[in-house]
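Asks: Quick one, structure_7.csv (CSV, C-alpha atoms (C1' of nucleotides)):
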chain,number,residue,atom,x,y,z
A,1,MET,CA,-30.4,-5.3,-35.2
A,2,PRO,CA,-27.5,-3.6,-37.2
A,3,ALA,CA,-27.5,-0.3,-39.1
A,4,ALA,CA,-30.9,1.2,-38.8
A,5,ASP,CA,-30.8,4.4,-40.8
A,6,LEU,CA,-30.7,7.2,-38.3
A,7,ASP,CA,-30.6,10.8,-39.1
A,8,GLN,CA,-29.0,13.6,-37.0
A,9,LEU,CA,-32.3,14.2,-35.2
A,10,ASP,CA,-32.4,10.5,-34.0
A,11,LEU,CA,-28.8,10.8,-32.8
A,12,ALA,CA,-29.5,14.0,-30.9
A,13,ILE,CA,-32.5,12.3,-29.3
A,14,LEU,CA,-30.4,9.2,-28.4
A,15,SER,CA,-27.7,11.4,-27.0
A,16,ARG,CA,-30.1,13.0,-24.5
A,17,LEU,CA,-31.8,9.7,-23.6
A,18,GLN,CA,-28.5,7.9,-22.8
A,19,GLU,CA,-27.7,10.6,-20.4
A,20,ASP,CA,-31.2,10.7,-18.8
A,21,SER,CA,-34.0,8.5,-20.1
A,22,ARG,CA,-36.5,10.5,-18.2
A,23,THR,CA,-35.9,13.6,-20.2
A,24,ILE,CA,-39.4,14.6,-21.5
A,25,ALA,CA,-39.9,14.8,-25.2
A,26,GLU,CA,-40.9,18.5,-25.0
A,27,SER,CA,-37.4,19.4,-23.8
A,28,ILE,CA,-35.7,17.3,-26.4
A,29,GLY,CA,-38.0,18.8,-29.1
A,30,ALA,CA,-37.1,22.3,-28.0
A,31,GLN,CA,-33.4,21.5,-28.5
A,32,VAL,CA,-33.6,19.8,-31.8
A,33,GLY,CA,-36.5,21.8,-33.3
A,34,LEU,CA,-39.2,19.2,-33.3
A,35,SER,CA,-42.6,18.9,-31.6
A,36,ALA,CA,-43.0,16.8,-28.6
A,37,ALA,CA,-45.2,14.3,-30.5
A,38,ALA,CA,-42.6,13.9,-33.2
A,39,VAL,CA,-39.9,13.2,-30.7
A,40,GLN,CA,-42.1,10.6,-29.0
A,41,ARG,CA,-42.8,8.9,-32.3
A,42,ARG,CA,-39.1,8.7,-33.0
A,43,ILE,CA,-38.4,7.4,-29.5
A,44,LYS,CA,-41.0,4.7,-30.0
A,45,ARG,CA,-39.5,3.7,-33.3
A,46,LEU,CA,-36.0,3.6,-31.8
A,47,ARG,CA,-37.3,1.3,-29.1
A,48,GLU,CA,-39.1,-1.0,-31.5
A,49,ALA,CA,-36.1,-1.2,-33.8
A,50,GLY,CA,-33.9,-2.2,-30.9
A,51,VAL,CA,-31.6,0.9,-31.2
A,52,ILE,CA,-32.7,1.6,-27.7
A,53,SER,CA,-32.2,-1.9,-26.3
A,54,ARG,CA,-33.3,-1.2,-22.7
A,55,GLU,CA,-33.9,1.6,-20.2
A,56,VAL,CA,-32.5,1.0,-16.8
A,57,ALA,CA,-32.1,2.6,-13.4
A,58,VAL,CA,-28.5,2.9,-12.2
A,59,ILE,CA,-28.1,2.2,-8.5
A,60,ASP,CA,-25.4,3.7,-6.3
A,61,PRO,CA,-23.5,0.6,-5.1
A,62,LYS,CA,-22.6,2.2,-1.8
A,63,ALA,CA,-26.2,2.9,-1.0
A,64,VAL,CA,-27.0,-0.8,-1.0
A,65,GLY,CA,-23.9,-1.8,0.8
A,66,VAL,CA,-22.0,-3.1,-2.2
A,67,ASP,CA,-18.7,-1.3,-2.0
A,68,MET,CA,-16.0,-3.4,-3.7
A,69,THR,CA,-15.3,-3.7,-7.4
A,70,PHE,CA,-12.8,-6.0,-9.0
A,71,VAL,CA,-11.3,-6.3,-12.5
A,72,VAL,CA,-10.5,-10.0,-13.1
A,73,SER,CA,-8.7,-11.4,-16.1
A,74,VAL,CA,-9.2,-15.1,-16.7
A,75,GLU,CA,-7.2,-17.6,-18.7
A,76,MET,CA,-8.8,-20.9,-19.6
A,77,GLU,CA,-7.0,-24.2,-19.8
A,78,ARG,CA,-7.9,-24.9,-23.4
A,79,GLU,CA,-9.8,-22.7,-25.9
A,80,ARG,CA,-12.5,-25.2,-26.6
A,81,ILE,CA,-15.9,-24.0,-27.6
A,82,ASP,CA,-17.8,-26.0,-25.0
A,83,VAL,CA,-15.4,-24.9,-22.3
A,84,LEU,CA,-15.8,-21.3,-23.2
A,85,ASP,CA,-19.6,-21.6,-23.5
A,86,ALA,CA,-19.8,-23.3,-20.1
A,87,PHE,CA,-17.9,-20.4,-18.6
A,88,ARG,CA,-20.1,-17.9,-20.3
A,89,LYS,CA,-23.2,-19.5,-18.9
A,90,GLN,CA,-21.7,-19.5,-15.4
A,91,VAL,CA,-20.9,-15.8,-15.3
A,92,LEU,CA,-24.2,-14.9,-16.9
A,93,ALA,CA,-26.0,-16.6,-14.0
A,94,ASP,CA,-23.7,-15.1,-11.4
A,95,PRO,CA,-25.1,-11.8,-10.0
A,96,ALA,CA,-21.7,-10.7,-8.8
A,97,VAL,CA,-20.5,-10.5,-12.4
A,98,GLN,CA,-21.5,-7.1,-13.8
A,99,GLN,CA,-19.7,-7.4,-17.0
A,100,CYS,CA,-17.8,-10.1,-19.0
A,101,TYR,CA,-15.9,-9.7,-22.2
A,102,TYR,CA,-14.3,-12.4,-24.3
A,103,VAL,CA,-11.1,-10.9,-25.5
A,104,THR,CA,-8.0,-11.5,-27.6
A,105,GLY,CA,-4.5,-11.6,-26.0
A,106,SER,CA,-3.1,-13.6,-23.2
A,107,ALA,CA,-6.3,-13.5,-21.2
A,108,ASP,CA,-9.5,-15.1,-22.4
A,109,PHE,CA,-12.1,-13.2,-20.4
A,110,MET,CA,-12.2,-9.9,-18.6
A,111,LEU,CA,-14.7,-9.7,-15.8
A,112,LEU,CA,-16.0,-6.8,-13.8
A,113,VAL,CA,-17.2,-8.1,-10.4
A,114,THR,CA,-18.9,-6.3,-7.6
A,115,CYS,CA,-19.1,-7.6,-4.1
A,116,ARG,CA,-20.3,-6.5,-0.7
A,117,ASP,CA,-16.9,-7.2,0.9
A,118,MET,CA,-13.7,-9.3,0.6
A,119,THR,CA,-15.4,-12.4,2.0
A,120,ALA,CA,-18.0,-12.3,-0.7
A,121,PHE,CA,-15.3,-11.9,-3.3
A,122,GLU,CA,-13.4,-14.9,-1.9
A,123,ALA,CA,-16.6,-16.9,-2.2
A,124,PHE,CA,-16.9,-15.7,-5.8
A,125,THR,CA,-13.3,-16.8,-6.7
A,126,ARG,CA,-13.9,-20.2,-5.1
A,127,ARG,CA,-17.1,-21.0,-7.0
A,128,THR,CA,-15.9,-19.4,-10.2
A,129,PHE,CA,-12.2,-20.3,-10.5
A,130,PHE,CA,-11.0,-22.8,-7.9
A,131,GLU,CA,-13.9,-25.1,-8.5
A,132,ASN,CA,-13.5,-24.9,-12.2
A,133,GLU,CA,-10.9,-27.3,-13.7
A,134,GLU,CA,-10.8,-25.4,-16.9
A,135,VAL,CA,-9.6,-22.1,-15.4
A,136,ARG,CA,-5.8,-22.1,-15.7
A,137,HIS,CA,-5.1,-18.7,-14.2
A,138,PHE,CA,-6.8,-15.5,-13.0
A,139,THR,CA,-5.5,-12.1,-12.0
A,140,THR,CA,-7.4,-9.7,-9.7
A,141,SER,CA,-7.2,-6.0,-9.6
A,142,VAL,CA,-9.0,-4.1,-6.9
A,143,VAL,CA,-10.8,-1.0,-8.1
A,144,MET,CA,-9.8,1.9,-5.9
A,145,ASP,CA,-11.8,4.5,-7.9
A,146,ARG,CA,-14.6,4.3,-10.4
A,147,VAL,CA,-13.3,7.2,-12.5
A,148,LYS,CA,-15.9,6.7,-15.2
A,149,VAL,CA,-18.8,4.3,-15.3
A,150,GLY,CA,-21.2,4.3,-18.2
A,151,LEU,CA,-22.6,2.4,-21.1
A,152,SER,CA,-23.0,5.4,-23.3
A,153,ILE,CA,-22.1,5.1,-26.9
A,154,PRO,CA,-20.1,7.9,-28.6
A,155,LEU,CA,-22.6,9.1,-31.2
A,156,THR,CA,-20.6,12.0,-32.6
A,157,GLY,CA,-17.2,11.5,-34.1
A,158,GLY,CA,-15.9,8.5,-32.1
B,1,MET,CA,-24.7,8.9,-0.2
B,2,PRO,CA,-23.9,5.7,1.8
B,3,ALA,CA,-26.1,3.3,3.6
B,4,ALA,CA,-29.6,4.6,3.3
B,5,ASP,CA,-31.8,2.2,5.3
B,6,LEU,CA,-33.6,0.2,2.7
B,7,ASP,CA,-36.1,-2.6,3.5
B,8,GLN,CA,-36.8,-5.6,1.4
B,9,LEU,CA,-39.6,-3.7,-0.4
B,10,ASP,CA,-37.1,-1.1,-1.5
B,11,LEU,CA,-34.7,-3.7,-2.7
B,12,ALA,CA,-37.4,-5.5,-4.7
B,13,ILE,CA,-38.4,-2.2,-6.3
B,14,LEU,CA,-34.7,-1.4,-7.2
B,15,SER,CA,-34.3,-4.9,-8.6
B,16,ARG,CA,-37.1,-4.3,-11.0
B,17,LEU,CA,-36.0,-0.8,-12.0
B,18,GLN,CA,-32.5,-1.8,-12.7
B,19,GLU,CA,-33.8,-4.3,-15.2
B,20,ASP,CA,-36.3,-2.0,-16.7
B,21,SER,CA,-36.7,1.6,-15.5
B,22,ARG,CA,-40.0,1.9,-17.4
B,23,THR,CA,-41.7,-0.7,-15.3
B,24,ILE,CA,-44.9,0.9,-14.1
B,25,ALA,CA,-45.5,1.2,-10.4
B,26,GLU,CA,-48.7,-0.8,-10.5
B,27,SER,CA,-46.8,-3.9,-11.8
B,28,ILE,CA,-44.2,-3.6,-9.1
B,29,GLY,CA,-46.9,-3.1,-6.5
B,30,ALA,CA,-48.7,-6.2,-7.6
B,31,GLN,CA,-45.5,-8.2,-7.1
B,32,VAL,CA,-44.4,-6.8,-3.7
B,33,GLY,CA,-47.9,-6.3,-2.3
B,34,LEU,CA,-48.1,-2.5,-2.3
B,35,SER,CA,-50.3,0.1,-4.0
B,36,ALA,CA,-49.1,1.9,-7.0
B,37,ALA,CA,-49.0,5.2,-5.1
B,38,ALA,CA,-46.9,3.7,-2.3
B,39,VAL,CA,-44.4,2.3,-4.9
B,40,GLN,CA,-44.2,5.7,-6.6
B,41,ARG,CA,-43.5,7.4,-3.3
B,42,ARG,CA,-40.7,5.0,-2.5
B,43,ILE,CA,-39.2,5.4,-6.0
B,44,LYS,CA,-39.3,9.2,-5.5
B,45,ARG,CA,-37.5,8.8,-2.2
B,46,LEU,CA,-34.9,6.5,-3.7
B,47,ARG,CA,-34.2,9.0,-6.4
B,48,GLU,CA,-33.9,11.9,-4.0
B,49,ALA,CA,-31.6,9.9,-1.7
B,50,GLY,CA,-29.4,9.1,-4.6
B,51,VAL,CA,-29.9,5.4,-4.3
B,52,ILE,CA,-31.1,5.6,-7.9
B,53,SER,CA,-28.3,7.8,-9.2
B,54,ARG,CA,-29.6,8.0,-12.8
B,55,GLU,CA,-31.9,6.5,-15.3
B,56,VAL,CA,-30.5,5.9,-18.8
B,57,ALA,CA,-31.3,4.4,-22.2
B,58,VAL,CA,-28.9,1.7,-23.3
B,59,ILE,CA,-28.2,2.0,-27.0
B,60,ASP,CA,-27.2,-1.0,-29.2
B,61,PRO,CA,-23.7,0.0,-30.4
B,62,LYS,CA,-24.1,-1.9,-33.7
B,63,ALA,CA,-27.3,0.1,-34.5
B,64,VAL,CA,-25.3,3.3,-34.5
B,65,GLY,CA,-22.3,1.9,-36.3
B,66,VAL,CA,-20.0,1.6,-33.3
B,67,ASP,CA,-18.9,-1.9,-33.5
B,68,MET,CA,-15.5,-2.3,-31.7
B,69,THR,CA,-14.8,-2.6,-28.0
B,70,PHE,CA,-11.4,-2.7,-26.4
B,71,VAL,CA,-10.1,-3.3,-22.9
B,72,VAL,CA,-7.0,-1.3,-22.3
B,73,SER,CA,-4.8,-1.4,-19.2
B,74,VAL,CA,-2.6,1.6,-18.7
B,75,GLU,CA,0.6,2.0,-16.6
B,76,MET,CA,1.6,5.5,-15.7
B,77,GLU,CA,5.2,6.7,-15.6
B,78,ARG,CA,4.9,7.9,-12.0
B,79,GLU,CA,2.1,7.6,-9.5
B,80,ARG,CA,1.8,11.3,-8.7
B,81,ILE,CA,-1.5,12.7,-7.8
B,82,ASP,CA,-1.4,15.5,-10.4
B,83,VAL,CA,-0.5,13.1,-13.1
B,84,LEU,CA,-3.3,10.7,-12.2
B,85,ASP,CA,-5.8,13.5,-11.9
B,86,ALA,CA,-4.8,14.9,-15.3
B,87,PHE,CA,-5.3,11.4,-16.9
B,88,ARG,CA,-8.7,11.1,-15.1
B,89,LYS,CA,-9.8,14.4,-16.6
B,90,GLN,CA,-8.7,13.4,-20.0
B,91,VAL,CA,-10.6,10.1,-20.1
B,92,LEU,CA,-13.7,11.7,-18.6
B,93,ALA,CA,-13.7,14.2,-21.5
B,94,ASP,CA,-13.1,11.5,-24.1
B,95,PRO,CA,-16.4,10.1,-25.5
B,96,ALA,CA,-14.6,6.9,-26.7
B,97,VAL,CA,-13.9,5.9,-23.1
B,98,GLN,CA,-17.0,4.2,-21.7
B,99,GLN,CA,-15.5,3.2,-18.4
B,100,CYS,CA,-12.3,3.9,-16.5
B,101,TYR,CA,-11.2,2.3,-13.2
B,102,TYR,CA,-8.2,3.2,-11.1
B,103,VAL,CA,-6.9,-0.2,-9.9
B,104,THR,CA,-4.3,-1.9,-7.8
B,105,GLY,CA,-1.7,-4.1,-9.4
B,106,SER,CA,0.8,-3.6,-12.2
B,107,ALA,CA,-1.6,-1.5,-14.2
B,108,ASP,CA,-2.9,1.8,-12.9
B,109,PHE,CA,-6.0,2.2,-15.0
B,110,MET,CA,-8.3,-0.1,-16.8
B,111,LEU,CA,-10.3,1.4,-19.7
B,112,LEU,CA,-13.2,0.2,-21.7
B,113,VAL,CA,-13.1,1.9,-25.0
B,114,THR,CA,-15.7,1.8,-27.9
B,115,CYS,CA,-14.9,2.9,-31.4
B,116,ARG,CA,-16.5,2.9,-34.8
B,117,ASP,CA,-13.5,1.1,-36.3
B,118,MET,CA,-9.8,0.4,-36.0
B,119,THR,CA,-8.9,3.8,-37.5
B,120,ALA,CA,-10.9,5.5,-34.7
B,121,PHE,CA,-9.2,3.4,-32.1
B,122,GLU,CA,-5.7,4.3,-33.5
B,123,ALA,CA,-6.7,7.9,-33.3
B,124,PHE,CA,-7.7,7.3,-29.7
B,125,THR,CA,-4.4,5.6,-28.7
B,126,ARG,CA,-2.5,8.5,-30.3
B,127,ARG,CA,-4.3,11.3,-28.5
B,128,THR,CA,-4.5,9.4,-25.2
B,129,PHE,CA,-1.2,7.5,-24.9
B,130,PHE,CA,1.4,8.4,-27.5
B,131,GLU,CA,0.9,12.1,-26.9
B,132,ASN,CA,1.0,11.7,-23.2
B,133,GLU,CA,4.5,11.7,-21.7
B,134,GLU,CA,3.3,10.2,-18.4
B,135,VAL,CA,2.0,7.0,-19.9
B,136,ARG,CA,4.7,4.4,-19.6
B,137,HIS,CA,2.9,1.4,-21.2
B,138,PHE,CA,-0.5,0.3,-22.3
B,139,THR,CA,-1.9,-3.1,-23.4
B,140,THR,CA,-4.9,-3.5,-25.7
B,141,SER,CA,-7.3,-6.5,-25.8
B,142,VAL,CA,-9.9,-6.5,-28.5
B,143,VAL,CA,-13.3,-7.6,-27.3
B,144,MET,CA,-14.6,-10.4,-29.5
B,145,ASP,CA,-17.8,-10.9,-27.6
B,146,ARG,CA,-19.7,-8.9,-25.0
B,147,VAL,CA,-20.8,-11.9,-22.9
B,148,LYS,CA,-22.4,-9.7,-20.2
B,149,VAL,CA,-22.8,-6.0,-20.1
B,150,GLY,CA,-24.6,-4.3,-17.3
B,151,LEU,CA,-24.3,-1.9,-14.4
B,152,SER,CA,-26.7,-3.9,-12.2
B,153,ILE,CA,-25.9,-4.2,-8.6
B,154,PRO,CA,-26.4,-7.6,-6.9
B,155,LEU,CA,-29.1,-6.8,-4.4
B,156,THR,CA,-29.6,-10.3,-3.0
B,157,GLY,CA,-26.8,-12.3,-1.5
B,158,GLY,CA,-23.8,-11.2,-3.6
C,1,DG,C1',-43.6,9.4,-45.7
C,2,DC,C1',-43.1,12.6,-41.8
C,3,DT,C1',-44.7,16.6,-39.5
C,4,DG,C1',-47.7,19.6,-36.0
C,5,DA,C1',-52.1,20.3,-33.4
C,6,DA,C1',-55.5,18.5,-30.7
C,7,DA,C1',-58.0,15.0,-28.4
C,8,DC,C1',-57.5,10.8,-25.7
C,9,DT,C1',-55.2,7.5,-22.6
C,10,DG,C1',-52.6,6.3,-18.8
C,11,DA,C1',-49.2,6.8,-15.3
C,12,DG,C1',-47.3,9.7,-11.8
C,13,DC,C1',-48.3,13.0,-8.1
C,14,DT,C1',-50.7,15.0,-3.9
C,15,DG,C1',-54.0,15.7,-0.3
C,16,DC,C1',-56.8,13.4,2.6
C,17,DT,C1',-58.3,9.5,5.5
D,1,DA,C1',-50.2,2.9,3.6
D,2,DG,C1',-54.5,3.2,0.7
D,3,DC,C1',-57.9,5.9,-1.9
D,4,DA,C1',-59.4,9.5,-5.0
D,5,DG,C1',-58.8,13.2,-7.8
D,6,DC,C1',-55.5,16.2,-10.3
D,7,DT,C1',-51.7,16.9,-13.4
D,8,DC,C1',-48.8,15.9,-17.0
D,9,DA,C1',-46.4,13.1,-20.3
D,10,DG,C1',-47.2,9.7,-23.9
D,11,DT,C1',-50.3,8.0,-27.5
D,12,DT,C1',-53.4,8.3,-31.3
D,13,DT,C1',-56.0,10.7,-34.8
D,14,DC,C1',-56.2,13.8,-38.2
D,15,DA,C1',-55.1,17.2,-41.6
D,16,DG,C1',-51.3,19.4,-44.1
D,17,DC,C1',-46.7,19.6,-46.3
Let me see the file written as structure tokens.

Replies:
Amino acid sequence: MPAADLDQLDLAILSRLQEDSRTIAESIGAQVGLSAAAVQRRIKRLREAGVISREVAVIDPKAVGVDMTFVVSVEMERERIDVLDAFRKQVLADPAVQQCYYVTGSADFMLLVTCRDMTAFEAFTRRTFFENEEVRHFTTSVVMDRVKVGLSIPLTGG
Amino acid sequence: MPAADLDQLDLAILSRLQEDSRTIAESIGAQVGLSAAAVQRRIKRLREAGVISREVAVIDPKAVGVDMTFVVSVEMERERIDVLDAFRKQVLADPAVQQCYYVTGSADFMLLVTCRDMTAFEAFTRRTFFENEEVRHFTTSVVMDRVKVGLSIPLTGG
DNA sequence: GCTGAAACTGAGCTGCT
DNA sequence: AGCAGCTCAGTTTCAGC
């Protein structure tokens, strides 16, 4: 859903909601100079237009005993559409894979993987890479610190 | 806030909320076999305990005219605490940086950067890398496809 | 068209059992 | 934990700009 025409008020509303989706409309309205009802109407439109694609709870990984994060770059044997699509489907179905990007450069895919422990990660590498003939090479980096974690979009400047 | 003691009901609730934080308690209760009030009480506890760290709106980048994503690996000149901390602060303050991880391996940091266009990305590389004496090397991969984008935590198995 | 005000609906909260 | 009532945010209606 590309290029909905958004004015400055919409951007201000989005900016607040991507920080905290539970912010009440009255608070946003007070900031941007709109009534609560007007803000809610805009939010509803933004949702229906797909500008707000979803609203999610972010869970502290440590609290649920998932404490390890890995950045994995993957190089496929051949860049064939069916091979790439098969890999896409595999990572989409794998709950350990938080994020997957198809990228230019020497690597084909960049993965962000979370696991309970090293054993779980080894199980992941086996099912994802070693048992896949089409994976030529993969490189793992262990995340020591999640310096910044977000899905926020830069709405101003950028 | 590590290792709150969560039972299967809590995990089921979290599982729903990290997909859609607007799911009403009654719907979750019907699924897990709890009253709406009980679900709401648990959600409140999960928030207060920090298990649910935040609730955010996910915005479609294309809808706001931000259409380019990059994966950037960064190698610092020296691994000194003050140098690393300074870089941390810089990326935390930069709205173009969605995610930043401090990692093991040849690279020191992995960044996920979103920009409106190539010009904006060039401006980012200048202010972040070229004007920073401590950055030895950086490698950019252009994201061609966001195969999977999420912050969800694998609550089962994993 | 989009706004603000007010009435309506519905979900979250709280006290009680 | 469940139930019932209360509270408050979101929704809809309406009139006005």

Asks: May I have a table of the residues of chain D lying at most 12 Å from chain B, giving each one's closest pair of atoms and their distance in Å to one decimal, counting only C-alpha atoms (C1' of nucleotides), ordered by chain and ascending residue number, as JSON lines?

Replies:
{"residue": "D:DA1", "atom": "C1'", "partner": "B:Ala38", "partner_atom": "CA", "distance": 6.8}
{"residue": "D:DG2", "atom": "C1'", "partner": "B:Ser35", "partner_atom": "CA", "distance": 7.0}
{"residue": "D:DC3", "atom": "C1'", "partner": "B:Ala37", "partner_atom": "CA", "distance": 9.5}
{"residue": "D:DA4", "atom": "C1'", "partner": "B:Ala37", "partner_atom": "CA", "distance": 11.3}

Asks: For the selection just defined, write its residues with C-alpha atoms (C1' of nucleotides) to a file, as a compact mmCIF listing (two decimals), in the frame of the given file.

Replies:
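File written: again-v4.txt
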# COMPACT_ATOMS: atom_id res chain seq x y z
C1' DA D 1 -50.20 2.90 3.60
C1' DG D 2 -54.50 3.20 0.70
C1' DC D 3 -57.90 5.90 -1.90
C1' DA D 4 -59.40 9.50 -5.00

Asks: All Cα atoms, paired in order, least squares: that's the fit I need for chain A onto chain B, output as a compact mmCIF listing (two decimals) with C-alpha atoms, keeping the file's coordinate frame.

Replies:
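Contents of result35.txt, as written:
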# COMPACT_ATOMS: atom_id res chain seq x y z
CA MET A 1 -24.80 9.10 -0.31
CA PRO A 2 -23.87 5.87 1.70
CA ALA A 3 -26.15 3.48 3.60
CA ALA A 4 -29.65 4.73 3.28
CA ASP A 5 -31.79 2.35 5.27
CA LEU A 6 -33.63 0.24 2.77
CA ASP A 7 -36.04 -2.44 3.56
CA GLN A 8 -36.80 -5.57 1.47
CA LEU A 9 -39.60 -3.74 -0.35
CA ASP A 10 -37.12 -0.99 -1.55
CA LEU A 11 -34.71 -3.69 -2.73
CA ALA A 12 -37.41 -5.53 -4.64
CA ILE A 13 -38.41 -2.24 -6.25
CA LEU A 14 -34.74 -1.44 -7.13
CA SER A 15 -34.29 -4.89 -8.52
CA ARG A 16 -37.12 -4.41 -11.04
CA LEU A 17 -36.08 -0.85 -11.94
CA GLN A 18 -32.45 -1.81 -12.72
CA GLU A 19 -33.71 -4.33 -15.12
CA ASP A 20 -36.31 -2.00 -16.74
CA SER A 21 -36.84 1.53 -15.45
CA ARG A 22 -40.02 1.80 -17.37
CA THR A 23 -41.72 -0.86 -15.37
CA ILE A 24 -44.96 0.82 -14.09
CA ALA A 25 -45.48 1.03 -10.39
CA GLU A 26 -48.75 -0.97 -10.60
CA SER A 27 -46.82 -4.03 -11.78
CA ILE A 28 -44.15 -3.67 -9.17
CA GLY A 29 -46.87 -3.17 -6.49
CA ALA A 30 -48.62 -6.33 -7.59
CA GLN A 31 -45.39 -8.30 -7.07
CA VAL A 32 -44.38 -6.92 -3.77
CA GLY A 33 -47.86 -6.37 -2.28
CA LEU A 34 -48.03 -2.63 -2.29
CA SER A 35 -50.29 -0.07 -4.01
CA ALA A 36 -49.12 1.72 -7.01
CA ALA A 37 -49.00 5.05 -5.11
CA ALA A 38 -46.85 3.56 -2.40
CA VAL A 39 -44.40 2.20 -4.89
CA GLN A 40 -44.20 5.60 -6.59
CA ARG A 41 -43.55 7.32 -3.29
CA ARG A 42 -40.73 4.92 -2.58
CA ILE A 43 -39.31 5.38 -6.07
CA LYS A 44 -39.35 9.13 -5.58
CA ARG A 45 -37.58 8.83 -2.27
CA LEU A 46 -34.97 6.49 -3.75
CA ARG A 47 -34.32 9.04 -6.45
CA GLU A 48 -34.05 11.96 -4.06
CA ALA A 49 -31.75 10.04 -1.74
CA GLY A 50 -29.45 9.25 -4.63
CA VAL A 51 -29.92 5.42 -4.33
CA ILE A 52 -31.18 5.66 -7.83
CA SER A 53 -28.40 7.85 -9.22
CA ARG A 54 -29.66 8.09 -12.83
CA GLU A 55 -32.02 6.47 -15.34
CA VAL A 56 -30.57 5.93 -18.73
CA ALA A 57 -31.37 4.49 -22.13
CA VAL A 58 -28.95 1.79 -23.31
CA ILE A 59 -28.17 2.02 -27.01
CA ASP A 60 -27.23 -0.94 -29.20
CA PRO A 61 -23.71 0.00 -30.39
CA LYS A 62 -24.14 -1.78 -33.68
CA ALA A 63 -27.23 0.18 -34.50
CA VAL A 64 -25.27 3.42 -34.50
CA GLY A 65 -22.32 2.01 -36.28
CA VAL A 66 -20.06 1.65 -33.27
CA ASP A 67 -18.91 -1.93 -33.46
CA MET A 68 -15.51 -2.26 -31.74
CA THR A 69 -14.81 -2.52 -28.04
CA PHE A 70 -11.42 -2.56 -26.42
CA VAL A 71 -10.15 -3.37 -22.91
CA VAL A 72 -7.02 -1.24 -22.30
CA SER A 73 -4.77 -1.45 -19.29
CA VAL A 74 -2.59 1.58 -18.69
CA GLU A 75 0.58 2.02 -16.68
CA MET A 76 1.68 5.52 -15.78
CA GLU A 77 5.26 6.67 -15.56
CA ARG A 78 5.07 7.81 -11.97
CA GLU A 79 2.17 7.52 -9.48
CA ARG A 80 1.92 11.20 -8.79
CA ILE A 81 -1.37 12.67 -7.81
CA ASP A 82 -1.36 15.42 -10.41
CA VAL A 83 -0.37 12.97 -13.10
CA LEU A 84 -3.14 10.63 -12.21
CA ASP A 85 -5.69 13.47 -11.93
CA ALA A 86 -4.65 14.83 -15.33
CA PHE A 87 -5.26 11.41 -16.82
CA ARG A 88 -8.58 11.12 -15.14
CA LYS A 89 -9.73 14.41 -16.55
CA GLN A 90 -8.62 13.37 -20.04
CA VAL A 91 -10.59 10.13 -20.15
CA LEU A 92 -13.61 11.76 -18.56
CA ALA A 93 -13.73 14.22 -21.47
CA ASP A 94 -13.08 11.54 -24.06
CA PRO A 95 -16.36 10.11 -25.47
CA ALA A 96 -14.65 6.97 -26.66
CA VAL A 97 -13.93 6.01 -23.05
CA GLN A 98 -17.00 4.23 -21.66
CA GLN A 99 -15.50 3.22 -18.45
CA CYS A 100 -12.28 3.87 -16.44
CA TYR A 101 -11.19 2.28 -13.23
CA TYR A 102 -8.18 3.14 -11.12
CA VAL A 103 -6.90 -0.14 -9.91
CA THR A 104 -4.24 -1.84 -7.79
CA GLY A 105 -1.63 -4.18 -9.37
CA SER A 106 0.78 -3.69 -12.16
CA ALA A 107 -1.60 -1.57 -14.18
CA ASP A 108 -2.83 1.80 -12.99
CA PHE A 109 -6.01 2.20 -15.01
CA MET A 110 -8.35 -0.13 -16.81
CA LEU A 111 -10.29 1.44 -19.63
CA LEU A 112 -13.22 0.23 -21.64
CA VAL A 113 -13.18 1.99 -25.04
CA THR A 114 -15.64 1.85 -27.85
CA CYS A 115 -14.87 2.92 -31.35
CA ARG A 116 -16.48 2.94 -34.76
CA ASP A 117 -13.53 1.11 -36.34
CA MET A 118 -9.76 0.43 -36.02
CA THR A 119 -8.85 3.84 -37.42
CA ALA A 120 -10.82 5.57 -34.74
CA PHE A 121 -9.15 3.42 -32.13
CA GLU A 122 -5.70 4.29 -33.51
CA ALA A 123 -6.65 7.94 -33.22
CA PHE A 124 -7.71 7.29 -29.63
CA THR A 125 -4.34 5.61 -28.71
CA ARG A 126 -2.43 8.49 -30.30
CA ARG A 127 -4.21 11.27 -28.42
CA THR A 128 -4.46 9.29 -25.22
CA PHE A 129 -1.15 7.40 -24.90
CA PHE A 130 1.45 8.38 -27.49
CA GLU A 131 0.92 12.05 -26.90
CA ASN A 132 1.06 11.64 -23.20
CA GLU A 133 4.59 11.59 -21.68
CA GLU A 134 3.34 10.15 -18.48
CA VAL A 135 1.95 6.93 -19.98
CA ARG A 136 4.70 4.31 -19.66
CA HIS A 137 2.88 1.36 -21.16
CA PHE A 138 -0.55 0.21 -22.38
CA THR A 139 -1.94 -3.16 -23.38
CA THR A 140 -4.96 -3.59 -25.69
CA SER A 141 -7.36 -6.42 -25.80
CA VAL A 142 -9.97 -6.56 -28.51
CA VAL A 143 -13.41 -7.57 -27.32
CA MET A 144 -14.67 -10.37 -29.52
CA ASP A 145 -17.92 -10.87 -27.53
CA ARG A 146 -19.83 -8.80 -25.05
CA VAL A 147 -20.89 -11.79 -22.95
CA LYS A 148 -22.44 -9.63 -20.26
CA VAL A 149 -22.90 -5.89 -20.17
CA GLY A 150 -24.65 -4.24 -17.28
CA LEU A 151 -24.37 -1.89 -14.38
CA SER A 152 -26.74 -3.78 -12.19
CA ILE A 153 -25.89 -4.18 -8.59
CA PRO A 154 -26.38 -7.58 -6.88
CA LEU A 155 -29.03 -6.73 -4.30
CA THR A 156 -29.58 -10.20 -2.89
CA GLY A 157 -26.78 -12.18 -1.37
CA GLY A 158 -23.76 -10.90 -3.36

Asks: At a cut-off of 9 Å, using all atoms listed in the file, what residues contact B:His137? Leave out same-chain residues fewer than 4 positions from it and give the result as a PyMOL selection string.

Replies: chain B and resi 73-77+107+129
